[in-house]
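Enquirer: File follows, entry.pdb with PDB, C-alpha atoms:
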```pdb
ATOM      1  CA  MET A   1     -11.132 -21.486 -64.490
ATOM      2  CA  SER A   2      -8.308 -22.775 -66.653
ATOM      3  CA  GLU A   3      -4.904 -21.129 -66.977
ATOM      4  CA  ALA A   4      -5.583 -20.254 -70.600
ATOM      5  CA  SER A   5      -8.918 -18.563 -69.970
ATOM      6  CA  ARG A   6      -7.455 -16.541 -67.068
ATOM      7  CA  ALA A   7      -4.623 -15.302 -69.321
ATOM      8  CA  LEU A   8      -6.933 -14.289 -72.177
ATOM      9  CA  HIS A   9      -8.075 -10.666 -72.183
ATOM     10  CA  GLU A  10     -10.424  -8.515 -74.269
ATOM     11  CA  PRO A  11     -10.461  -7.888 -77.221
ATOM     12  CA  TRP A  12      -8.695 -11.031 -78.387
ATOM     13  CA  PRO A  13     -10.753 -14.046 -79.415
ATOM     14  CA  SER A  14      -8.012 -16.562 -78.571
ATOM     15  CA  LEU A  15      -4.720 -16.860 -76.705
ATOM     16  CA  PRO A  16      -2.564 -17.429 -79.833
ATOM     17  CA  ARG A  17      -3.973 -14.200 -81.311
ATOM     18  CA  GLN A  18      -3.263 -12.335 -78.079
ATOM     19  CA  LYS A  19       0.329 -13.640 -78.033
ATOM     20  CA  GLU A  20       0.828 -12.660 -81.649
ATOM     21  CA  ALA A  21      -0.496  -9.169 -80.922
ATOM     22  CA  VAL A  22       1.936  -8.727 -78.016
ATOM     23  CA  SER A  23       4.908  -9.917 -80.103
ATOM     24  CA  PHE A  24       3.820  -7.662 -82.963
ATOM     25  CA  GLY A  25       3.447  -4.634 -80.682
ATOM     26  CA  VAL A  26       6.804  -5.175 -78.979
ATOM     27  CA  TRP A  27       8.550  -5.624 -82.333
ATOM     28  CA  VAL A  28       7.079  -2.342 -83.588
ATOM     29  CA  PHE A  29       8.497  -0.674 -80.477
ATOM     30  CA  LEU A  30      11.838  -2.436 -81.050
ATOM     31  CA  ALA A  31      11.876  -1.083 -84.623
ATOM     32  CA  SER A  32      11.884   2.440 -83.176
ATOM     33  CA  GLU A  33      14.719   1.378 -80.866
ATOM     34  CA  LEU A  34      16.668   0.033 -83.842
ATOM     35  CA  LEU A  35      16.280   3.352 -85.660
ATOM     36  CA  PHE A  36      17.373   5.229 -82.536
ATOM     37  CA  PHE A  37      20.521   3.163 -81.991
ATOM     38  CA  GLY A  38      21.048   2.879 -85.751
ATOM     39  CA  GLY A  39      21.401   6.654 -86.006
ATOM     40  CA  LEU A  40      23.987   6.561 -83.225
ATOM     41  CA  PHE A  41      25.935   3.734 -84.892
ATOM     42  CA  PHE A  42      25.862   5.529 -88.207
ATOM     43  CA  ALA A  43      27.213   8.737 -86.654
ATOM     44  CA  TYR A  44      30.078   6.588 -85.309
ATOM     45  CA  THR A  45      30.710   5.180 -88.800
ATOM     46  CA  LEU A  46      30.819   8.615 -90.407
ATOM     47  CA  TYR A  47      33.189  10.080 -87.813
ATOM     48  CA  ARG A  48      35.394   7.006 -87.957
ATOM     49  CA  ASN A  49      35.565   7.552 -91.705
ATOM     50  CA  ILE A  50      36.680  11.161 -91.132
ATOM     51  CA  TYR A  51      39.161  10.394 -88.285
ATOM     52  CA  PRO A  52      40.335   6.793 -88.868
ATOM     53  CA  HIS A  53      43.591   7.235 -86.955
ATOM     54  CA  GLY A  54      42.065   9.143 -84.020
ATOM     55  CA  PHE A  55      39.423   6.425 -83.565
ATOM     56  CA  VAL A  56      42.046   3.646 -83.462
ATOM     57  CA  ILE A  57      44.165   5.536 -80.903
ATOM     58  CA  ALA A  58      41.084   6.265 -78.788
ATOM     59  CA  ALA A  59      39.622   2.750 -78.992
ATOM     60  CA  ARG A  60      42.853   1.213 -77.644
ATOM     61  CA  GLU A  61      42.101   2.927 -74.325
ATOM     62  CA  THR A  62      38.886   0.938 -73.707
ATOM     63  CA  GLU A  63      39.174  -2.053 -71.385
ATOM     64  CA  VAL A  64      38.751  -5.288 -73.347
ATOM     65  CA  PHE A  65      38.405  -7.345 -70.162
ATOM     66  CA  PHE A  66      35.277  -5.506 -69.020
ATOM     67  CA  GLY A  67      33.837  -5.450 -72.540
ATOM     68  CA  THR A  68      34.293  -9.201 -72.999
ATOM     69  CA  PHE A  69      33.188 -10.139 -69.480
ATOM     70  CA  ASN A  70      30.031  -8.056 -69.812
ATOM     71  CA  THR A  71      29.230  -9.546 -73.224
ATOM     72  CA  ALA A  72      29.427 -13.047 -71.717
ATOM     73  CA  VAL A  73      27.208 -11.920 -68.810
ATOM     74  CA  LEU A  74      24.560 -10.484 -71.151
ATOM     75  CA  LEU A  75      24.610 -13.537 -73.445
ATOM     76  CA  THR A  76      24.065 -15.737 -70.387
ATOM     77  CA  SER A  77      21.215 -13.494 -69.206
ATOM     78  CA  SER A  78      19.603 -13.936 -72.628
ATOM     79  CA  LEU A  79      19.860 -17.706 -72.153
ATOM     80  CA  THR A  80      18.094 -17.578 -68.773
ATOM     81  CA  MET A  81      15.480 -15.184 -70.241
ATOM     82  CA  ALA A  82      14.802 -17.535 -73.166
ATOM     83  CA  VAL A  83      14.564 -20.520 -70.803
ATOM     84  CA  ALA A  84      12.106 -18.551 -68.631
ATOM     85  CA  VAL A  85       9.814 -18.041 -71.649
ATOM     86  CA  ARG A  86       9.956 -21.744 -72.596
ATOM     87  CA  ALA A  87       9.409 -22.782 -68.994
ATOM     88  CA  ALA A  88       6.350 -20.519 -68.786
ATOM     89  CA  GLU A  89       4.939 -22.025 -71.981
ATOM     90  CA  ASN A  90       5.325 -25.450 -70.394
ATOM     91  CA  GLU A  91       3.814 -24.207 -67.120
ATOM     92  CA  MET A  92       6.910 -24.800 -65.018
ATOM     93  CA  ARG A  93       6.366 -22.122 -62.409
ATOM     94  CA  ARG A  94       9.544 -22.609 -60.349
ATOM     95  CA  LEU A  95      11.863 -22.721 -63.363
ATOM     96  CA  THR A  96      10.220 -19.628 -64.848
ATOM     97  CA  PHE A  97      10.583 -17.713 -61.598
ATOM     98  CA  TRP A  98      14.209 -18.631 -60.944
ATOM     99  CA  CYS A  99      15.238 -17.950 -64.539
ATOM    100  CA  LEU A 100      13.664 -14.481 -64.317
ATOM    101  CA  VAL A 101      15.536 -13.870 -61.054
ATOM    102  CA  ALA A 102      18.797 -15.049 -62.659
ATOM    103  CA  THR A 103      18.199 -12.775 -65.658
ATOM    104  CA  ALA A 104      17.706  -9.693 -63.478
ATOM    105  CA  ALA A 105      20.704 -10.680 -61.312
ATOM    106  CA  LEU A 106      22.963 -11.028 -64.361
ATOM    107  CA  GLY A 107      21.746  -7.610 -65.531
ATOM    108  CA  ILE A 108      22.818  -6.186 -62.172
ATOM    109  CA  VAL A 109      26.219  -7.927 -62.486
ATOM    110  CA  PHE A 110      26.625  -6.187 -65.862
ATOM    111  CA  LEU A 111      25.862  -2.779 -64.334
ATOM    112  CA  ILE A 112      28.287  -3.333 -61.433
ATOM    113  CA  ALA A 113      31.101  -4.308 -63.829
ATOM    114  CA  LYS A 114      30.239  -1.297 -65.990
ATOM    115  CA  GLY A 115      30.490   0.903 -62.894
ATOM    116  CA  PHE A 116      34.037  -0.339 -62.184
ATOM    117  CA  GLU A 117      34.915   0.222 -65.828
ATOM    118  CA  TYR A 118      33.503   3.777 -65.749
ATOM    119  CA  ARG A 119      35.588   4.483 -62.642
ATOM    120  CA  ASP A 120      38.761   3.375 -64.459
ATOM    121  CA  ASP A 121      37.806   5.481 -67.488
ATOM    122  CA  ILE A 122      37.299   8.567 -65.334
ATOM    123  CA  VAL A 123      40.590   7.989 -63.446
ATOM    124  CA  ASN A 124      42.350   7.597 -66.827
ATOM    125  CA  ARG A 125      40.987  11.023 -67.921
ATOM    126  CA  LEU A 126      38.910   9.593 -70.741
ATOM    127  CA  VAL A 127      35.968  11.938 -70.256
ATOM    128  CA  PRO A 128      35.924  14.442 -73.170
ATOM    129  CA  GLY A 129      36.825  17.940 -71.998
ATOM    130  CA  PRO A 130      39.874  20.131 -71.257
ATOM    131  CA  ASP A 131      41.597  17.392 -69.186
ATOM    132  CA  PHE A 132      41.175  14.707 -71.842
ATOM    133  CA  LYS A 133      44.116  12.299 -72.038
ATOM    134  CA  LEU A 134      44.561  12.024 -75.830
ATOM    135  CA  HIS A 135      45.419  14.788 -78.312
ATOM    136  CA  GLU A 136      44.769  12.884 -81.524
ATOM    137  CA  GLN A 137      42.040  14.513 -83.611
ATOM    138  CA  GLY A 138      38.779  12.583 -83.356
ATOM    139  CA  ALA A 139      39.726  10.779 -80.112
ATOM    140  CA  GLN A 140      37.314  12.928 -78.078
ATOM    141  CA  ILE A 141      34.523  12.156 -80.546
ATOM    142  CA  PHE A 142      35.122   8.416 -80.078
ATOM    143  CA  TRP A 143      34.932   8.795 -76.308
ATOM    144  CA  ALA A 144      31.850  11.003 -76.533
ATOM    145  CA  PHE A 145      30.245   8.134 -78.479
ATOM    146  CA  TYR A 146      31.492   5.651 -75.867
ATOM    147  CA  TRP A 147      29.839   7.522 -72.985
ATOM    148  CA  ILE A 148      26.592   8.229 -74.825
ATOM    149  CA  ALA A 149      26.175   4.740 -76.300
ATOM    150  CA  THR A 150      27.103   2.780 -73.165
ATOM    151  CA  GLY A 151      25.133   5.212 -70.987
ATOM    152  CA  ILE A 152      21.944   4.843 -73.053
ATOM    153  CA  HIS A 153      22.478   1.087 -73.172
ATOM    154  CA  ALA A 154      22.836   0.998 -69.362
ATOM    155  CA  ILE A 155      19.566   2.961 -69.006
ATOM    156  CA  HIS A 156      17.834   0.438 -71.275
ATOM    157  CA  LEU A 157      19.271  -2.423 -69.256
ATOM    158  CA  THR A 158      18.128  -0.810 -65.991
ATOM    159  CA  VAL A 159      14.591  -0.537 -67.370
ATOM    160  CA  GLY A 160      14.842  -4.205 -68.391
ATOM    161  CA  ILE A 161      15.989  -5.268 -64.905
ATOM    162  CA  VAL A 162      13.053  -3.415 -63.321
ATOM    163  CA  ILE A 163      10.500  -4.984 -65.699
ATOM    164  CA  VAL A 164      11.929  -8.501 -65.302
ATOM    165  CA  GLY A 165      11.946  -7.952 -61.530
ATOM    166  CA  ILE A 166       8.287  -6.870 -61.565
ATOM    167  CA  VAL A 167       7.242  -9.914 -63.608
ATOM    168  CA  ALA A 168       9.196 -12.202 -61.244
ATOM    169  CA  ALA A 169       7.542 -10.528 -58.232
ATOM    170  CA  MET A 170       4.075 -10.919 -59.782
ATOM    171  CA  LEU A 171       4.816 -14.580 -60.369
ATOM    172  CA  HIS A 172       5.977 -15.050 -56.796
ATOM    173  CA  TRP A 173       3.366 -13.113 -54.844
ATOM    174  CA  ARG A 174       0.349 -13.218 -57.110
ATOM    175  CA  ASP A 175      -1.284 -16.122 -58.810
ATOM    176  CA  VAL A 176      -0.645 -14.893 -62.359
ATOM    177  CA  PRO A 177      -1.146 -17.415 -65.173
ATOM    178  CA  LEU A 178       1.982 -18.794 -66.869
ATOM    179  CA  VAL A 179       0.526 -19.189 -70.330
ATOM    180  CA  GLY A 180       0.007 -15.473 -71.009
ATOM    181  CA  PRO A 181       2.086 -13.404 -73.439
ATOM    182  CA  LYS A 182       3.839 -11.171 -70.899
ATOM    183  CA  TYR A 183       6.993 -13.302 -70.587
ATOM    184  CA  GLU A 184       7.573 -13.265 -74.336
ATOM    185  CA  GLY A 185       6.992  -9.489 -74.448
ATOM    186  CA  VAL A 186       9.554  -8.803 -71.734
ATOM    187  CA  ALA A 187      12.003 -11.268 -73.289
ATOM    188  CA  LEU A 188      11.930  -9.580 -76.712
ATOM    189  CA  TYR A 189      12.956  -6.279 -75.128
ATOM    190  CA  TRP A 190      15.675  -7.951 -73.052
ATOM    191  CA  HIS A 191      17.166  -9.715 -76.074
ATOM    192  CA  LEU A 192      17.218  -6.495 -78.108
ATOM    193  CA  VAL A 193      19.231  -4.777 -75.379
ATOM    194  CA  ASP A 194      21.603  -7.756 -75.630
ATOM    195  CA  ILE A 195      21.832  -7.363 -79.433
ATOM    196  CA  ILE A 196      22.684  -3.651 -79.069
ATOM    197  CA  TRP A 197      25.586  -4.643 -76.820
ATOM    198  CA  ILE A 198      26.698  -7.358 -79.268
ATOM    199  CA  ILE A 199      27.067  -4.609 -81.900
ATOM    200  CA  LEU A 200      28.744  -2.176 -79.476
ATOM    201  CA  LEU A 201      31.467  -4.708 -78.560
ATOM    202  CA  PRO A 202      33.384  -4.596 -81.894
ATOM    203  CA  LEU A 203      32.815  -0.842 -82.305
ATOM    204  CA  LEU A 204      34.160   0.126 -78.882
ATOM    205  CA  TYR A 205      36.495  -2.615 -77.678
ATOM    206  CA  LEU A 206      37.963  -4.479 -80.625
ATOM    207  CA  VAL A 207      39.242  -1.617 -82.804
ATOM    208  CA  GLY A 208      42.991  -1.252 -83.254
ATOM    209  CA  ARG A 209      44.054  -4.132 -80.983
ATOM    210  CA  ALA A 210      46.286  -5.898 -83.518
ATOM    211  CA  THR A 211      48.435  -2.941 -84.559
TER     212      THR A 211
ATOM    213  CA  MET B   1       2.619 -26.789 -77.502
ATOM    214  CA  SER B   2       4.048 -30.169 -76.613
ATOM    215  CA  GLU B   3       5.135 -30.703 -73.032
ATOM    216  CA  LYS B   4       8.883 -30.504 -72.549
ATOM    217  CA  THR B   5      11.122 -31.354 -69.666
ATOM    218  CA  ALA B   6      13.434 -28.770 -68.139
ATOM    219  CA  TRP B   7      16.429 -30.665 -69.479
ATOM    220  CA  GLN B   8      15.132 -30.476 -73.066
ATOM    221  CA  ILE B   9      14.666 -26.708 -72.747
ATOM    222  CA  TRP B  10      18.165 -26.161 -71.338
ATOM    223  CA  LYS B  11      19.773 -28.450 -73.918
ATOM    224  CA  LYS B  12      18.298 -26.705 -76.958
ATOM    225  CA  LEU B  13      18.794 -23.119 -75.803
ATOM    226  CA  GLY B  14      22.114 -23.944 -74.120
ATOM    227  CA  ALA B  15      23.513 -25.035 -77.496
ATOM    228  CA  ILE B  16      22.754 -21.563 -78.905
ATOM    229  CA  TRP B  17      24.348 -19.978 -75.824
ATOM    230  CA  LEU B  18      27.478 -22.104 -76.271
ATOM    231  CA  ALA B  19      27.704 -21.060 -79.942
ATOM    232  CA  LEU B  20      27.390 -17.406 -78.886
ATOM    233  CA  LEU B  21      30.211 -17.751 -76.329
ATOM    234  CA  ILE B  22      32.460 -19.505 -78.861
ATOM    235  CA  LEU B  23      31.800 -16.683 -81.348
ATOM    236  CA  LEU B  24      32.644 -14.178 -78.608
ATOM    237  CA  ALA B  25      35.964 -15.963 -77.970
ATOM    238  CA  ILE B  26      36.724 -15.995 -81.710
ATOM    239  CA  THR B  27      35.956 -12.313 -82.189
ATOM    240  CA  VAL B  28      38.003 -11.155 -79.186
ATOM    241  CA  GLY B  29      40.865 -13.497 -80.123
ATOM    242  CA  SER B  30      40.934 -12.511 -83.792
ATOM    243  CA  ALA B  31      40.959  -8.815 -82.861
ATOM    244  CA  TYR B  32      44.542  -9.336 -81.609
ATOM    245  CA  LEU B  33      45.724 -11.064 -84.786
ATOM    246  CA  PRO B  34      47.365  -8.688 -87.275
ATOM    247  CA  LEU B  35      44.984  -9.290 -90.176
ATOM    248  CA  GLY B  36      45.180  -5.761 -91.508
ATOM    249  CA  ALA B  37      41.973  -4.491 -93.083
ATOM    250  CA  ALA B  38      40.247  -7.849 -92.427
ATOM    251  CA  ASN B  39      39.968  -7.327 -88.632
ATOM    252  CA  GLY B  40      37.045  -4.910 -88.873
ATOM    253  CA  PRO B  41      34.843  -6.938 -91.261
ATOM    254  CA  ILE B  42      35.525 -10.166 -89.277
ATOM    255  CA  ASN B  43      34.454  -8.541 -85.998
ATOM    256  CA  LEU B  44      31.341  -6.956 -87.529
ATOM    257  CA  GLY B  45      30.490 -10.183 -89.368
ATOM    258  CA  ILE B  46      30.681 -12.194 -86.134
ATOM    259  CA  ALA B  47      28.550  -9.562 -84.383
ATOM    260  CA  ALA B  48      25.946  -9.955 -87.147
ATOM    261  CA  ILE B  49      25.954 -13.758 -86.747
ATOM    262  CA  LYS B  50      25.551 -13.415 -82.972
ATOM    263  CA  ALA B  51      22.697 -10.937 -83.400
ATOM    264  CA  ALA B  52      21.035 -13.299 -85.886
ATOM    265  CA  LEU B  53      21.344 -16.261 -83.479
ATOM    266  CA  VAL B  54      19.733 -14.235 -80.685
ATOM    267  CA  ALA B  55      16.946 -12.997 -82.985
ATOM    268  CA  LEU B  56      16.177 -16.409 -84.496
ATOM    269  CA  PHE B  57      16.389 -18.675 -81.460
ATOM    270  CA  PHE B  58      16.075 -16.503 -78.335
ATOM    271  CA  MET B  59      13.548 -14.076 -79.840
ATOM    272  CA  ASN B  60      11.876 -17.036 -81.603
ATOM    273  CA  LEU B  61      11.803 -15.499 -85.088
ATOM    274  CA  ALA B  62      12.615 -18.981 -86.421
ATOM    275  CA  THR B  63       9.152 -20.141 -85.354
ATOM    276  CA  SER B  64       7.178 -16.862 -85.358
ATOM    277  CA  THR B  65       4.127 -16.088 -87.458
ATOM    278  CA  VAL B  66       4.558 -14.163 -90.708
ATOM    279  CA  LEU B  67       3.083 -10.996 -89.169
ATOM    280  CA  VAL B  68       5.645 -10.962 -86.357
ATOM    281  CA  ARG B  69       8.522 -11.664 -88.758
ATOM    282  CA  LEU B  70       7.442  -8.793 -90.993
ATOM    283  CA  ALA B  71       7.239  -6.459 -87.980
ATOM    284  CA  SER B  72      10.742  -7.526 -86.946
ATOM    285  CA  VAL B  73      12.273  -6.478 -90.281
ATOM    286  CA  ALA B  74      10.403  -3.147 -90.369
ATOM    287  CA  GLY B  75      13.113  -1.480 -88.267
ATOM    288  CA  VAL B  76      15.896  -2.823 -90.485
ATOM    289  CA  PHE B  77      13.925  -1.767 -93.573
ATOM    290  CA  TRP B  78      13.770   1.887 -92.481
ATOM    291  CA  LEU B  79      17.383   1.774 -91.261
ATOM    292  CA  VAL B  80      18.433   0.994 -94.828
ATOM    293  CA  PHE B  81      16.761   4.207 -96.011
ATOM    294  CA  MET B  82      18.304   6.270 -93.229
ATOM    295  CA  PHE B  83      21.802   4.883 -93.896
ATOM    296  CA  ALA B  84      21.517   5.187 -97.688
ATOM    297  CA  LEU B  85      20.263   8.780 -97.674
ATOM    298  CA  THR B  86      22.743   9.946 -95.026
ATOM    299  CA  ALA B  87      25.685   8.195 -96.703
ATOM    300  CA  GLY B  88      24.596   9.687-100.022
ATOM    301  CA  ASP B  89      25.212  13.088 -98.499
ATOM    302  CA  TYR B  90      28.256  12.625 -96.215
ATOM    303  CA  LEU B  91      30.284  10.196 -98.291
ATOM    304  CA  THR B  92      30.005  12.190-101.520
ATOM    305  CA  ARG B  93      31.144  15.598-100.223
TER     306      ARG B  93
END
```
What does this structure look like when you write it as structure tokens?
Expert:
Amino acid sequence: MSEASRALHEPWPSLPRQKEAVSFGVWVFLASELLFFGGLFFAYTLYRNIYPHGFVIAARETEVFFGTFNTAVLLTSSLTMAVAVRAAENEMRRLTFWCLVATAALGIVFLIAKGFEYRDDIVNRLVPGPDFKLHEQGAQIFWAFYWIATGIHAIHLTVGIVIVGIVAAMLHWRDVPLVGPKYEGVALYWHLVDIIWIILLPLLYLVGRAT
Amino acid sequence: MSEKTAWQIWKKLGAIWLALLILLAITVGSAYLPLGAANGPINLGIAAIKAALVALFFMNLATSTVLVRLASVAGVFWLVFMFALTAGDYLTR
């Protein structure tokens, strides 16, 4: 039984059609994700329009080092994810496996760095509430957005790490075919989580640094 | 699908990765330059370029079928409506 015929499932007549269906389905799901995060980003835009000064004061308190480091980590994880998909298409089992492992590992590195950053934020009294560090109007709203947006992003990334880990485990312990559409499906989700972070970087970390 | 060597895969995708890291360095660096009102648009513009690079070359939209490309813009399409209608309310009060 060939690799291609093992990867093909009902009801698709051919592997290219099955791959297209998976990409299509994942993109439809990603559209709902875009609308979800889009609403959040737009709320940020509106409040920044109402409290321009408060947002600048508040944004200066975020830690650029962690934001930049984590962006580089996620961009690199997207590279290893993309290489894993190409390697699978070319039936390179070892390269696919190790790139999936690297992707999940880089995701974990991101979460660990985020944890250290969260600790600093909490120590610096940047959690909205009665003890909040800043008194500028709108600063608490910025930090509420910070916690919600980065928190939801971290949940998405955690889900991604688990899925990538499962696919890597299946590849390692079971004789799953490399030519199927599952690698591309996982990769699309992973890259979208990366894109969300790419947009979060200027909104959270790069505001008000020059003044 | 033509057979490729591991090196060819790394070289092509690594070039995109390098471009993304250079853009990251530019955006973080320019954020510290006193460019006045230009800082915001520069940072958001670079973020848009980075997102486009990821979508085109890592998410393979550059080589996808028409159906998949259409599905990928569906989210952006509805976002435009959400932003336009909400802005029409909040920004005109």
Enquirer: Just say which residues the ChimeraX specification (/B :<6) & /A picks in this file, as a PDB file with C-alpha atoms, in the coordinates of the input.
Expert:
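This is the output file selection_18.pdb:
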```
ATOM      1  CA  PHE A  24       3.820  -7.662 -82.963  1.00  0.00           C
ATOM      2  CA  TRP A  27       8.550  -5.624 -82.333  1.00  0.00           C
ATOM      3  CA  ALA A  31      11.876  -1.083 -84.623  1.00  0.00           C
ATOM      4  CA  LEU A  34      16.668   0.033 -83.842  1.00  0.00           C
ATOM      5  CA  LEU A  35      16.280   3.352 -85.660  1.00  0.00           C
ATOM      6  CA  ALA A  82      14.802 -17.535 -73.166  1.00  0.00           C
ATOM      7  CA  ASN A  90       5.325 -25.450 -70.394  1.00  0.00           C
ATOM      8  CA  LEU A 188      11.930  -9.580 -76.712  1.00  0.00           C
ATOM      9  CA  ILE A 195      21.832  -7.363 -79.433  1.00  0.00           C
ATOM     10  CA  ILE A 198      26.698  -7.358 -79.268  1.00  0.00           C
ATOM     11  CA  ILE A 199      27.067  -4.609 -81.900  1.00  0.00           C
ATOM     12  CA  PRO A 202      33.384  -4.596 -81.894  1.00  0.00           C
ATOM     13  CA  LEU A 206      37.963  -4.479 -80.625  1.00  0.00           C
ATOM     14  CA  ARG A 209      44.054  -4.132 -80.983  1.00  0.00           C
ATOM     15  CA  ALA A 210      46.286  -5.898 -83.518  1.00  0.00           C
TER      16      ALA A 210
END
```
Enquirer: Check which residues satisfy the PyMOL selection byres ((chain A and resi 128) around 12) in the file shown, then give them as a PDB file with C-alpha atoms, in the frame of the given file.
Expert:
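So the final result, stored in selection.pdb, reads:
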```pdb
ATOM      1  CA  ALA A  58      41.084   6.265 -78.788  1.00  0.00           C
ATOM      2  CA  ASP A 121      37.806   5.481 -67.488  1.00  0.00           C
ATOM      3  CA  ILE A 122      37.299   8.567 -65.334  1.00  0.00           C
ATOM      4  CA  ASN A 124      42.350   7.597 -66.827  1.00  0.00           C
ATOM      5  CA  ARG A 125      40.987  11.023 -67.921  1.00  0.00           C
ATOM      6  CA  LEU A 126      38.910   9.593 -70.741  1.00  0.00           C
ATOM      7  CA  VAL A 127      35.968  11.938 -70.256  1.00  0.00           C
ATOM      8  CA  GLY A 129      36.825  17.940 -71.998  1.00  0.00           C
ATOM      9  CA  PRO A 130      39.874  20.131 -71.257  1.00  0.00           C
ATOM     10  CA  ASP A 131      41.597  17.392 -69.186  1.00  0.00           C
ATOM     11  CA  PHE A 132      41.175  14.707 -71.842  1.00  0.00           C
ATOM     12  CA  LYS A 133      44.116  12.299 -72.038  1.00  0.00           C
ATOM     13  CA  LEU A 134      44.561  12.024 -75.830  1.00  0.00           C
ATOM     14  CA  HIS A 135      45.419  14.788 -78.312  1.00  0.00           C
ATOM     15  CA  GLY A 138      38.779  12.583 -83.356  1.00  0.00           C
ATOM     16  CA  ALA A 139      39.726  10.779 -80.112  1.00  0.00           C
ATOM     17  CA  GLN A 140      37.314  12.928 -78.078  1.00  0.00           C
ATOM     18  CA  ILE A 141      34.523  12.156 -80.546  1.00  0.00           C
ATOM     19  CA  PHE A 142      35.122   8.416 -80.078  1.00  0.00           C
ATOM     20  CA  TRP A 143      34.932   8.795 -76.308  1.00  0.00           C
ATOM     21  CA  ALA A 144      31.850  11.003 -76.533  1.00  0.00           C
ATOM     22  CA  PHE A 145      30.245   8.134 -78.479  1.00  0.00           C
ATOM     23  CA  TYR A 146      31.492   5.651 -75.867  1.00  0.00           C
ATOM     24  CA  TRP A 147      29.839   7.522 -72.985  1.00  0.00           C
ATOM     25  CA  ILE A 148      26.592   8.229 -74.825  1.00  0.00           C
TER      26      ILE A 148
END
```
Enquirer: Written as a PDB file with C-alpha atoms, keeping the file's coordinate frame, which residues does the PyMOL selection byres ((chain A and resi 205) around 9) give for the file shown?
Expert:
```pdb
ATOM      1  CA  ALA A  59      39.622   2.750 -78.992  1.00  0.00           C
ATOM      2  CA  ARG A  60      42.853   1.213 -77.644  1.00  0.00           C
ATOM      3  CA  GLU A  61      42.101   2.927 -74.325  1.00  0.00           C
ATOM      4  CA  THR A  62      38.886   0.938 -73.707  1.00  0.00           C
ATOM      5  CA  GLU A  63      39.174  -2.053 -71.385  1.00  0.00           C
ATOM      6  CA  VAL A  64      38.751  -5.288 -73.347  1.00  0.00           C
ATOM      7  CA  GLY A  67      33.837  -5.450 -72.540  1.00  0.00           C
ATOM      8  CA  THR A  68      34.293  -9.201 -72.999  1.00  0.00           C
ATOM      9  CA  LEU A 200      28.744  -2.176 -79.476  1.00  0.00           C
ATOM     10  CA  LEU A 201      31.467  -4.708 -78.560  1.00  0.00           C
ATOM     11  CA  PRO A 202      33.384  -4.596 -81.894  1.00  0.00           C
ATOM     12  CA  LEU A 203      32.815  -0.842 -82.305  1.00  0.00           C
ATOM     13  CA  LEU A 204      34.160   0.126 -78.882  1.00  0.00           C
ATOM     14  CA  LEU A 206      37.963  -4.479 -80.625  1.00  0.00           C
ATOM     15  CA  VAL A 207      39.242  -1.617 -82.804  1.00  0.00           C
ATOM     16  CA  GLY A 208      42.991  -1.252 -83.254  1.00  0.00           C
ATOM     17  CA  ARG A 209      44.054  -4.132 -80.983  1.00  0.00           C
TER      18      ARG A 209
ATOM     19  CA  VAL B  28      38.003 -11.155 -79.186  1.00  0.00           C
TER      20      VAL B  28
END
```
Enquirer: Might you pull out every residue within 12 Å of A:Thr80, with only C-alpha atoms counted and same-chain residues fewer than 6 positions away left off, and present them as number ranges by chain?
Expert: A: 73-74, 86-87, 95-107, 164, 187, 190-191; B: 9-10, 13-14, 16-17, 58
Enquirer: Atom CA of A:Glu89 to atom CA of A:Phe29: how many Å, to one decimal?
Expert: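 Straight-line distance from atom CA of A:Glu89 to atom CA of A:Phe29 works out to 23.3 Å.
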Enquirer: Please, what distance in Å, to one decimal, runs between atom CA of A:Ala4 and atom CA of A:Val179?
Expert: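 Atom CA of A:Val179 lies at a distance of 6.2 Å from atom CA of A:Ala4.
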Enquirer: What separation in Å, quoted to one decimal, exists between atom CA of A:His153 and atom CA of A:Phe42?
Expert: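 So the two atoms, atom CA of A:His153 and atom CA of A:Phe42, lie 16.0 Å apart.
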